file start03.cif (mmCIF, C-alpha atoms)
data_data
#
loop_
_atom_site.label_atom_id
_atom_site.label_comp_id
_atom_site.auth_asym_id
_atom_site.auth_seq_id
_atom_site.Cartn_x
_atom_site.Cartn_y
_atom_site.Cartn_z
CA MET A 273 67.02 62.37 64.45
CA ASN A 274 70.08 61.53 62.35
CA TRP A 275 69.45 59.15 59.36
CA ASP A 276 72.00 56.48 58.27
CA TRP A 277 71.56 57.02 54.54
CA ASP A 278 74.02 54.29 53.56
CA LYS A 279 72.23 51.64 55.60
CA LEU A 280 68.85 52.72 54.25
CA ARG A 281 70.04 52.51 50.64
CA GLU A 282 71.42 49.01 51.26
CA GLN A 283 68.04 47.75 52.64
CA GLN A 284 66.18 49.25 49.67
CA LYS A 285 68.59 47.52 47.29
CA LYS A 286 68.08 44.12 49.00
CA GLN A 287 64.29 44.55 48.84
CA GLN A 288 64.49 45.39 45.15
CA ASN A 289 66.63 42.32 44.42
CA PHE A 290 64.19 40.13 46.38
CA ASN A 291 61.17 41.39 44.40
CA GLN A 292 62.96 40.73 41.13
CA SER A 293 64.13 37.20 42.05
CA PRO A 294 62.19 34.16 40.53
CA GLY A 295 61.40 32.68 43.92
CA GLY A 296 60.57 35.91 45.64
CA GLY A 297 57.73 38.36 45.56
CA GLY A 298 56.29 41.30 47.21
CA ASN A 299 54.09 39.25 49.54
CA GLY A 300 56.64 38.63 52.27
CA ILE A 301 57.32 34.99 51.24
CA PRO A 302 61.02 34.14 51.44
CA PRO A 303 62.73 32.82 48.30
CA VAL A 304 62.54 29.11 47.50
CA ASP A 305 66.30 28.97 47.44
CA ASP A 306 66.34 29.83 51.12
CA PHE A 307 64.23 26.73 51.90
CA VAL A 308 66.42 24.55 49.72
CA ASN A 309 69.54 25.87 51.36
CA PHE A 310 67.97 25.29 54.79
CA PHE A 311 67.28 21.58 54.20
CA LYS A 312 70.30 20.98 52.03
CA GLY A 313 72.72 18.66 53.68
CA LYS A 314 70.22 17.54 56.35
CA LYS A 315 68.97 13.89 56.51
CA LEU A 316 65.52 12.78 57.85
CA PRO A 317 65.18 9.50 59.82
CA ALA A 318 64.01 6.50 57.72
CA GLY A 319 61.21 5.68 60.19
CA LEU A 320 59.81 9.16 59.88
CA ILE A 321 59.78 8.87 56.10
CA LEU A 322 58.05 5.45 56.26
CA LEU A 323 55.50 6.78 58.72
CA GLY A 324 54.78 9.68 56.41
CA LEU A 325 54.31 7.33 53.47
CA VAL A 326 51.91 5.13 55.49
CA ILE A 327 49.92 8.14 56.58
CA ALA A 328 49.75 9.40 53.01
CA PHE A 329 48.66 5.93 51.80
CA LEU A 330 45.97 5.67 54.44
CA LEU A 331 44.71 9.14 53.69
CA PHE A 332 44.65 8.50 49.96
CA PHE A 333 43.37 4.90 49.82
CA GLY A 334 41.81 4.23 53.23
CA ASN A 335 38.65 6.13 52.41
CA SER A 336 38.00 3.89 49.37
CA MET A 337 38.99 0.57 50.98
CA PHE A 338 36.71 0.48 54.01
CA PHE A 339 32.97 0.98 53.78
CA THR A 340 29.85 0.28 55.83
CA ILE A 341 26.67 -1.45 54.67
CA ASP A 342 23.41 -0.51 56.39
CA THR A 343 21.00 -3.14 57.76
CA SER A 344 18.44 -2.37 55.04
CA GLU A 345 20.81 -2.89 52.12
CA VAL A 346 23.51 -5.08 50.59
CA GLY A 347 26.63 -4.17 48.65
CA ILE A 348 27.51 -5.43 45.18
CA VAL A 349 31.28 -5.41 44.62
CA GLN A 350 32.68 -5.18 41.10
CA ARG A 351 36.33 -5.87 40.32
CA PHE A 352 37.46 -4.12 37.17
CA GLY A 353 33.78 -3.70 36.25
CA LYS A 354 32.87 -7.39 36.62
CA TYR A 355 30.66 -8.72 39.41
CA ASP A 356 32.79 -10.28 42.13
CA ARG A 357 30.75 -10.76 45.33
CA THR A 358 27.89 -9.57 47.49
CA VAL A 359 28.63 -8.10 50.91
CA TYR A 360 26.18 -7.76 53.78
CA PRO A 361 25.53 -5.25 56.58
CA GLY A 362 28.50 -4.17 58.67
CA LEU A 363 32.06 -2.93 58.10
CA ASN A 364 33.57 -4.36 54.90
CA PHE A 365 36.86 -4.16 53.01
CA LYS A 366 37.60 -3.88 49.31
CA PHE A 367 40.50 -3.01 47.08
CA PRO A 368 41.12 0.68 46.42
CA ALA A 369 39.20 2.73 43.90
CA GLY A 370 40.06 1.82 40.36
CA ILE A 371 40.26 -1.87 41.23
CA GLU A 372 37.00 -2.58 43.02
CA LYS A 373 33.79 -0.62 43.16
CA VAL A 374 30.83 -1.14 45.53
CA THR A 375 27.20 -0.36 44.74
CA LYS A 376 24.74 -0.27 47.62
CA VAL A 377 21.25 -1.64 46.92
CA LYS A 378 18.38 -1.14 49.35
CA ILE A 379 16.60 -4.52 49.47
CA LYS A 380 14.16 -3.74 52.30
CA ARG A 381 12.95 -0.40 51.06
CA VAL A 382 9.63 -0.30 49.19
CA PHE A 383 9.87 1.86 46.08
CA LYS A 384 6.95 3.43 44.26
CA GLU A 385 6.14 4.16 40.64
CA GLU A 386 3.15 6.35 39.76
CA PHE A 387 1.26 6.09 36.48
CA GLY A 388 -1.03 8.78 35.11
CA PHE A 389 -0.35 11.28 37.90
CA THR A 390 2.45 12.60 40.07
CA THR A 391 2.56 13.45 43.76
CA LEU A 392 3.70 16.99 44.50
CA SER A 393 5.86 17.97 47.44
CA THR A 394 2.76 19.31 49.19
CA GLY A 395 1.21 15.84 49.15
CA GLN A 396 -1.34 16.69 46.46
CA THR A 397 -1.63 14.71 43.24
CA LYS A 398 -1.47 16.16 39.74
CA SER A 399 -2.84 14.46 36.66
CA LEU A 400 -0.47 14.11 33.73
CA ILE A 401 -3.10 13.81 31.00
CA SER A 402 -2.67 16.38 28.25
CA ASN A 403 -5.06 19.31 28.39
CA GLN A 404 -6.42 21.47 25.57
CA ASP A 405 -3.20 23.49 25.45
CA GLY A 406 -1.11 20.36 24.97
CA ASN A 407 0.69 20.58 28.31
CA ASP A 408 1.56 17.69 30.62
CA VAL A 409 1.38 15.14 27.84
CA ASP A 410 1.39 11.66 29.37
CA ASN A 411 -1.22 9.23 28.04
CA VAL A 412 -0.10 6.27 30.10
CA SER A 413 -3.43 6.16 31.97
CA LEU A 414 -5.58 6.74 28.86
CA MET A 415 -6.84 3.27 27.94
CA LEU A 416 -9.39 1.58 25.68
CA THR A 417 -11.80 -0.79 27.44
CA GLY A 418 -13.29 -3.98 26.09
CA ASP A 419 -16.55 -2.25 25.08
CA LEU A 420 -14.60 0.40 23.09
CA ASN A 421 -14.85 3.18 25.67
CA VAL A 422 -11.98 5.44 26.72
CA ALA A 423 -11.09 5.53 30.42
CA LEU A 424 -8.50 7.22 32.63
CA VAL A 425 -6.95 4.50 34.78
CA PRO A 426 -4.23 5.87 37.11
CA TRP A 427 -2.44 3.42 39.40
CA ILE A 428 0.58 2.94 41.68
CA VAL A 429 3.06 0.04 41.68
CA GLN A 430 4.98 -0.60 44.89
CA PHE A 431 7.95 -2.92 44.56
CA ARG A 432 11.06 -4.18 46.33
CA VAL A 433 14.43 -5.39 45.03
CA LYS A 434 14.60 -9.13 45.73
CA ASP A 435 17.73 -10.01 43.69
CA PRO A 436 20.34 -7.20 43.60
CA TYR A 437 22.53 -9.04 41.07
CA LYS A 438 19.71 -9.34 38.51
CA TYR A 439 18.50 -5.83 39.29
CA LEU A 440 21.92 -4.32 38.44
CA PHE A 441 23.31 -6.56 35.71
CA LYS A 442 20.53 -8.49 33.94
CA ILE A 443 18.64 -5.53 32.52
CA HIS A 444 19.52 -1.95 31.64
CA ASP A 445 17.45 0.64 33.54
CA PRO A 446 15.21 -1.72 35.58
CA ARG A 447 12.79 1.02 36.65
CA GLN A 448 12.00 1.86 33.03
CA VAL A 449 11.48 -1.83 32.32
CA LEU A 450 9.10 -1.92 35.29
CA ARG A 451 7.14 1.02 33.91
CA ASP A 452 6.90 -0.46 30.43
CA LEU A 453 5.76 -3.87 31.68
CA SER A 454 3.30 -2.28 34.11
CA GLU A 455 1.71 -0.25 31.35
CA SER A 456 1.40 -3.18 28.96
CA THR A 457 -0.02 -5.41 31.71
CA MET A 458 -2.60 -2.85 32.81
CA ARG A 459 -3.71 -2.20 29.23
CA LEU A 460 -4.17 -5.93 28.72
CA VAL A 461 -6.28 -6.34 31.86
CA VAL A 462 -8.39 -3.23 31.22
CA GLY A 463 -8.92 -4.21 27.57
CA ASP A 464 -10.74 -7.37 28.66
CA ARG A 465 -13.37 -5.49 30.70
CA SER A 466 -16.19 -3.04 30.10
CA ILE A 467 -16.07 0.55 31.29
CA ASN A 468 -18.45 -0.21 34.16
CA GLU A 469 -16.27 -3.10 35.34
CA VAL A 470 -13.16 -0.92 35.15
CA ILE A 471 -14.85 1.69 37.36
CA THR A 472 -16.48 -0.66 39.89
CA LYS A 473 -14.08 -3.64 40.08
CA ARG A 474 -10.78 -1.92 40.76
CA GLU A 475 -9.59 -4.42 43.38
CA GLU A 476 -10.13 -7.35 41.03
CA ILE A 477 -8.24 -5.55 38.25
CA ALA A 478 -5.37 -4.69 40.63
CA LEU A 479 -4.96 -8.32 41.75
CA GLN A 480 -4.92 -9.67 38.19
CA ALA A 481 -2.53 -6.94 37.00
CA MET A 482 -0.20 -7.66 39.93
CA GLU A 483 -0.11 -11.37 39.10
CA ASN A 484 0.56 -10.75 35.39
CA LEU A 485 3.20 -8.09 36.11
CA GLN A 486 5.11 -10.37 38.48
CA LYS A 487 5.20 -13.10 35.84
CA ALA A 488 6.49 -10.64 33.24
CA LEU A 489 9.22 -9.32 35.59
CA ASP A 490 10.34 -12.84 36.48
CA GLY A 491 10.53 -13.69 32.80
CA ALA A 492 12.73 -10.64 32.21
CA ASP A 493 15.06 -11.50 35.16
CA ALA A 494 14.46 -8.05 36.61
CA GLY A 495 15.07 -9.10 40.21
CA ILE A 496 11.99 -7.11 41.31
CA ASP A 497 9.23 -8.27 43.65
CA VAL A 498 5.89 -6.48 43.24
CA VAL A 499 4.49 -5.67 46.68
CA THR A 500 1.13 -4.28 45.62
CA ILE A 501 -0.75 -2.42 42.89
CA GLU A 502 -3.11 0.30 44.02
CA MET A 503 -5.78 1.49 41.62
CA LYS A 504 -6.67 5.16 41.94
CA ARG A 505 -10.02 6.66 41.00
CA THR A 506 -10.99 5.61 37.49
CA ASN A 507 -12.90 8.06 35.34
CA VAL A 508 -13.50 9.05 31.75
CA PRO A 509 -11.75 11.96 29.95
CA LEU A 510 -13.17 15.38 30.75
CA PRO A 511 -14.52 16.13 27.21
CA VAL A 512 -16.70 12.99 27.21
CA GLN A 513 -17.91 13.08 30.82
CA PRO A 514 -21.32 14.68 30.02
CA SER A 515 -22.03 12.05 27.35
CA PHE A 516 -20.84 9.30 29.65
CA ASN A 517 -23.15 10.53 32.43
CA GLN A 518 -26.08 10.51 30.00
CA VAL A 519 -25.24 6.97 28.96
CA ASN A 520 -25.09 5.90 32.61
CA GLN A 521 -28.43 7.55 33.30
CA ALA A 522 -30.00 5.80 30.30
CA THR A 523 -28.50 2.51 31.44
CA GLN A 524 -29.94 2.97 34.91
CA GLU A 525 -33.37 3.76 33.48
CA LYS A 526 -33.12 0.69 31.27
CA GLU A 527 -32.23 -1.51 34.23
CA GLU A 528 -35.08 0.00 36.24
CA MET A 529 -37.57 -0.76 33.45
CA ILE A 530 -36.22 -4.29 33.14
CA TYR A 531 -36.57 -4.75 36.90
CA ASN A 532 -40.17 -3.49 36.87
CA ALA A 533 -41.01 -5.73 33.90
CA LYS A 534 -39.53 -8.74 35.66
CA GLU A 535 -41.53 -7.88 38.77
CA GLU A 536 -44.76 -7.76 36.76
CA TYR A 537 -43.75 -10.95 34.97
CA ASN A 538 -43.20 -12.72 38.29
CA LYS A 539 -46.65 -11.62 39.40
CA ALA A 540 -48.62 -12.37 36.21
CA ILE A 541 -47.00 -15.58 35.02
CA PRO A 542 -47.47 -17.63 38.21
CA ALA A 543 -51.11 -16.47 38.46
CA ALA A 544 -51.74 -17.40 34.82
CA MET A 545 -50.04 -20.73 35.27
CA GLY A 546 -52.19 -21.43 38.34
CA GLU A 547 -55.36 -20.50 36.49
CA ALA A 548 -54.36 -22.69 33.54
CA GLU A 549 -53.61 -25.57 35.86
CA ARG A 550 -57.01 -25.15 37.54
CA GLU A 551 -58.80 -25.11 34.18
CA ILE A 552 -56.93 -28.21 33.08
CA ARG A 553 -57.79 -30.08 36.27
CA GLN A 554 -61.43 -28.98 36.00
CA ALA A 555 -61.62 -30.13 32.38
CA GLU A 556 -60.03 -33.42 33.27
CA GLY A 557 -62.57 -33.92 36.07
CA TYR A 558 -65.47 -33.01 33.78
CA ALA A 559 -64.21 -35.38 31.11
CA LEU A 560 -63.79 -38.18 33.62
CA ASN A 561 -67.32 -37.56 34.91
CA ARG A 562 -68.80 -37.59 31.42
CA ILE A 563 -66.94 -40.73 30.51
CA ASN A 564 -68.06 -42.51 33.65
CA ARG A 565 -71.65 -41.41 33.15
CA ALA A 566 -71.57 -42.51 29.52
CA LYS A 567 -70.18 -45.84 30.52
CA GLY A 568 -72.85 -46.22 33.19
CA ASP A 569 -75.63 -45.27 30.75
CA ALA A 570 -74.27 -47.69 28.20
CA GLN A 571 -74.12 -50.48 30.75
CA ARG A 572 -77.64 -49.70 31.96
CA PHE A 573 -78.98 -49.64 28.39
CA THR A 574 -77.24 -52.92 27.71
CA ALA A 575 -78.80 -54.45 30.82
CA VAL A 576 -82.28 -53.20 29.83
CA TYR A 577 -81.80 -54.48 26.31
CA GLU A 578 -80.87 -57.90 27.64
CA GLU A 579 -84.06 -57.95 29.75
CA TYR A 580 -86.05 -56.70 26.78
CA LYS A 581 -84.89 -59.60 24.68
CA ASN A 582 -85.99 -62.05 27.35
CA ALA A 583 -89.46 -60.48 28.05
CA LYS A 584 -90.50 -57.82 25.59
CA ASP A 585 -94.07 -57.09 26.86
CA ILE A 586 -93.10 -56.89 30.47
CA THR A 587 -90.10 -54.75 29.69
CA LYS A 588 -92.21 -52.37 27.57
CA ARG A 589 -94.78 -51.95 30.31
CA ARG A 590 -92.09 -51.45 32.94
CA LEU A 591 -90.37 -48.80 30.84
CA TYR A 592 -93.71 -47.09 30.23
CA LEU A 593 -94.57 -47.06 33.90
CA GLU A 594 -91.11 -45.83 34.87
CA MET A 595 -91.42 -43.00 32.40
CA LEU A 596 -94.83 -42.00 33.76
CA ASN A 597 -93.52 -42.27 37.28
CA GLU A 598 -90.83 -39.80 36.32
CA LEU A 599 -93.06 -37.38 34.37
CA ILE A 600 -96.33 -37.24 36.37
CA PRO A 601 -94.75 -35.71 39.55
CA LYS A 602 -93.45 -32.85 37.39
CA MET A 603 -96.96 -32.00 36.05
CA GLN A 604 -98.92 -29.25 37.91
CA GLU A 605 -102.51 -30.07 36.95
CA LYS A 606 -103.65 -33.41 35.73
CA TYR A 607 -106.86 -34.15 33.88
CA ILE A 608 -107.83 -37.74 33.36
CA ILE A 609 -110.48 -38.12 30.63
CA ASP A 610 -112.25 -41.22 29.72
CA GLU A 611 -111.30 -42.32 26.33
CA ASP A 612 -114.95 -42.85 25.47
CA GLN A 613 -115.82 -39.19 26.30
CA ASN A 614 -116.58 -37.18 23.19
CA ASN A 615 -116.92 -33.67 24.64
CA ILE A 616 -115.28 -31.91 27.53
CA LEU A 617 -117.65 -31.01 30.34
CA PRO A 618 -118.07 -27.19 30.43
CA PHE A 619 -118.26 -26.94 34.22
CA LEU A 620 -114.73 -27.98 34.63
CA ASN A 621 -113.46 -24.44 33.77
CA LEU A 622 -110.37 -25.67 32.04
CA GLY A 623 -107.43 -23.31 32.21
CA ARG A 624 -108.33 -21.88 35.64
CA ASP A 625 -107.00 -22.81 39.02
CA SER A 626 -109.40 -25.19 40.75
CA LYS A 627 -110.65 -24.19 44.15
#
call {"tool": "encode", "arguments": {"input": "start03.cif", "output": "structure tokens"}}
result
Amino acid sequence: MNWDWDKLREQQKKQQNFNQSPGGGGNGIPPVDDFVNFFKGKKLPAGLILLGLVIAFLLFFGNSMFFTIDTSEVGIVQRFGKYDRTVYPGLNFKFPAGIEKVTKVKIKRVFKEEFGFTTLSTGQTKSLISNQDGNDVDNVSLMLTGDLNVALVPWIVQFRVKDPYKYLFKIHDPRQVLRDLSESTMRLVVGDRSINEVITKREEIALQAMENLQKALDGADAGIDVVTIEMKRTNVPLPVQPSFNQVNQATQEKEEMIYNAKEEYNKAIPAAMGEAEREIRQAEGYALNRINRAKGDAQRFTAVYEEYKNAKDITKRRLYLEMLNELIPKMQEKYIIDEDQNNILPFLNLGRDSK
């Protein structure tokens, strides 16, 4: 094959000039000057230019001007950082980014804040109380009760945003405010109760804490509605659990002894009171009988004395005969001796039973 050396040298020279040119390179891209020379002197239609500008505007600004609000939320629109309006579910329009900004707030969703523990992704709960190594330090659930005992009181606060404007603009970091107020409210409620009440009356504590927390949030213009407060299992710190169990056992024994004593009291006291009442009634009856008998004897003696004053001899004889009439029937053997008899007849065998 015959080579055209002149033509080959000319192509190599053009390639070398292209690689050395500012708009060229060794990647096969033609020089910029070629593009400029291609469009130089050509005019594009005005409509095409306008259409291109509109498309560019829509691509650049359209994404920030139209937005959609879900049925479970509302949108808060700020114009140059200041609150402007509230928009509701559906397709909405706003000025481009840099002029207006929209913040979506879920008003129907129930949020949750956990105190004293955290729920892991596996669904298990983990206590946040510090251990002996000093890890997981979070003493939010470590509280002092009214009877100066220490208790672990974990709980959950479920809440909903009821006023998006207040929630976003009235307070800084509303969830932290909720946590602080929840902790102070729970400590106040627990501090008014004994350790036994804190353990056994969790529902009552939750209702009172919920009422107090809602009042505190309304006073702070937080825009938050407390749905419920759920008290988790209340216990005492691990180092004092053995002592606490001993105290509970002693308390139960004390209550049992008190119960038994009251039972014996309820048996003995009514019986004693009945016996005392019987003795009193018996004494009253005896006294009334003695008084009536004494009055009767006094009246009878008075009557006899009146008769005695009127007829002394007859009254004496009658009293003598009445006395004999009362005594003689009580005598077993009776011996009537003539007053003129000087000696007792020996054949009578005095002192022996007569046949």
call {"tool": "resolve_selection", "arguments": {"input": "start03.cif", "expression": "the PyMOL selection byres ((chain A and resi 452) around 12)", "output": "count of residues only"}}
result
22
call {"tool": "resolve_selection", "arguments": {"input": "start03.cif", "expression": "the PyMOL selection byres ((chain A and resi 364) around 8)", "output": "PyMOL selection string"}}
result
chain A and resi 338-341+359+362-363+365-366
call {"tool": "residues_around", "arguments": {"input": "start03.cif", "residues": "Leu440 (chain A)", "least_positions_apart": "3", "cutoff": "9 Å", "atoms": "only C-alpha atoms", "output": "ChimeraX atom specification"}}
result
/A:348,377,435-437,443-446,494-495
call {"tool": "closest_residue", "arguments": {"input": "start03.cif", "among": "A:Val470, A:Leu325, A:Ala544, A:Ile379", "to": "Thr343 (chain A)", "atoms": "only C-alpha atoms"}}
result
A:Ile379
call {"tool": "atom_distance", "arguments": {"input": "start03.cif", "atom1": "CA of Tyr577 (chain A)", "atom2": "CA of Tyr558 (chain A)"}}
result
28.0 Å
call {"tool": "resolve_selection", "arguments": {"input": "start03.cif", "expression": "the PyMOL selection byres ((chain A and resi 349) around 10)", "output": "ChimeraX atom specification"}}
result
/A:346-348,350-359,366-367,372-376
call {"tool": "write_last_selection", "arguments": {"input": "start03.cif", "atoms": "C-alpha atoms", "output": "short mmCIF file (atom, residue, chain, number, x, y, z; two decimals), in the frame of the given file"}}
result
data_model
loop_
_atom_site.label_atom_id
_atom_site.label_comp_id
_atom_site.auth_asym_id
_atom_site.auth_seq_id
_atom_site.Cartn_x
_atom_site.Cartn_y
_atom_site.Cartn_z
CA VAL A 346 23.51 -5.08 50.59
CA GLY A 347 26.63 -4.17 48.65
CA ILE A 348 27.51 -5.43 45.18
CA GLN A 350 32.68 -5.18 41.10
CA ARG A 351 36.33 -5.87 40.32
CA PHE A 352 37.46 -4.12 37.17
CA GLY A 353 33.78 -3.70 36.25
CA LYS A 354 32.87 -7.39 36.62
CA TYR A 355 30.66 -8.72 39.41
CA ASP A 356 32.79 -10.28 42.13
CA ARG A 357 30.75 -10.76 45.33
CA THR A 358 27.89 -9.57 47.49
CA VAL A 359 28.63 -8.10 50.91
CA LYS A 366 37.60 -3.88 49.31
CA PHE A 367 40.50 -3.01 47.08
CA GLU A 372 37.00 -2.58 43.02
CA LYS A 373 33.79 -0.62 43.16
CA VAL A 374 30.83 -1.14 45.53
CA THR A 375 27.20 -0.36 44.74
CA LYS A 376 24.74 -0.27 47.62
#
call {"tool": "atom_distance", "arguments": {"input": "start03.cif", "atom1": "CA of Asn411 (chain A)", "atom2": "CA of Glu476 (chain A)"}}
result
22.9 Å
call {"tool": "axis_aligned_box", "arguments": {"input": "start03.cif", "around": "region 482-496 of chain A", "padding_each_side": "5 Å", "output": "AutoDock Vina command-line options"}}
result
--center_x 7.4 --center_y -10.4 --center_z 36.8 --size_x 25.3 --size_y 16.6 --size_z 19.1
call {"tool": "residues_around", "arguments": {"input": "start03.cif", "residues": "Lys504 (chain A)", "least_positions_apart": "3", "cutoff": "8 Å", "atoms": "all atoms listed in the file", "output": "PyMOL selection string"}}
result
chain A and resi 425-428
call {"tool": "write_last_selection", "arguments": {"input": "start03.cif", "atoms": "C-alpha atoms", "output": "short mmCIF file (atom, residue, chain, number, x, y, z; two decimals), in the coordinates of the input"}}
result
data_model
loop_
_atom_site.label_atom_id
_atom_site.label_comp_id
_atom_site.auth_asym_id
_atom_site.auth_seq_id
_atom_site.Cartn_x
_atom_site.Cartn_y
_atom_site.Cartn_z
CA VAL A 425 -6.95 4.50 34.78
CA PRO A 426 -4.23 5.87 37.11
CA TRP A 427 -2.44 3.42 39.40
CA ILE A 428 0.58 2.94 41.68
#
call {"tool": "atom_distance", "arguments": {"input": "start03.cif", "atom1": "CA of Glu611 (chain A)", "atom2": "CA of Glu598 (chain A)"}}
result
22.9 Å
call {"tool": "residues_around", "arguments": {"input": "start03.cif", "residues": "Met415 (chain A)", "least_positions_apart": "4", "cutoff": "8 Å", "atoms": "all atoms listed in the file", "output": "MDAnalysis selection string"}}
result
chainID A and resid 422:425 459 462:463
call {"tool": "closest_atom_pairs", "arguments": {"input": "start03.cif", "of": "region 486-519 of chain A", "to": "region 464-468 of chain A", "cutoff": "10 Å", "atoms": "only C-alpha atoms", "output": "JSON lines"}}
result
{"residue": "A:Thr506", "atom": "CA", "partner": "A:Ile467", "partner_atom": "CA", "distance": 9.5}
{"residue": "A:Asn507", "atom": "CA", "partner": "A:Ile467", "partner_atom": "CA", "distance": 9.1}
{"residue": "A:Val508", "atom": "CA", "partner": "A:Ile467", "partner_atom": "CA", "distance": 8.9}
call {"tool": "write_last_selection", "arguments": {"input": "start03.cif", "atoms": "C-alpha atoms", "output": "compact mmCIF listing (two decimals), in the frame of the given file"}}
result
# COMPACT_ATOMS: atom_id res chain seq x y z
CA THR A 506 -10.99 5.61 37.49
CA ASN A 507 -12.90 8.06 35.34
CA VAL A 508 -13.50 9.05 31.75
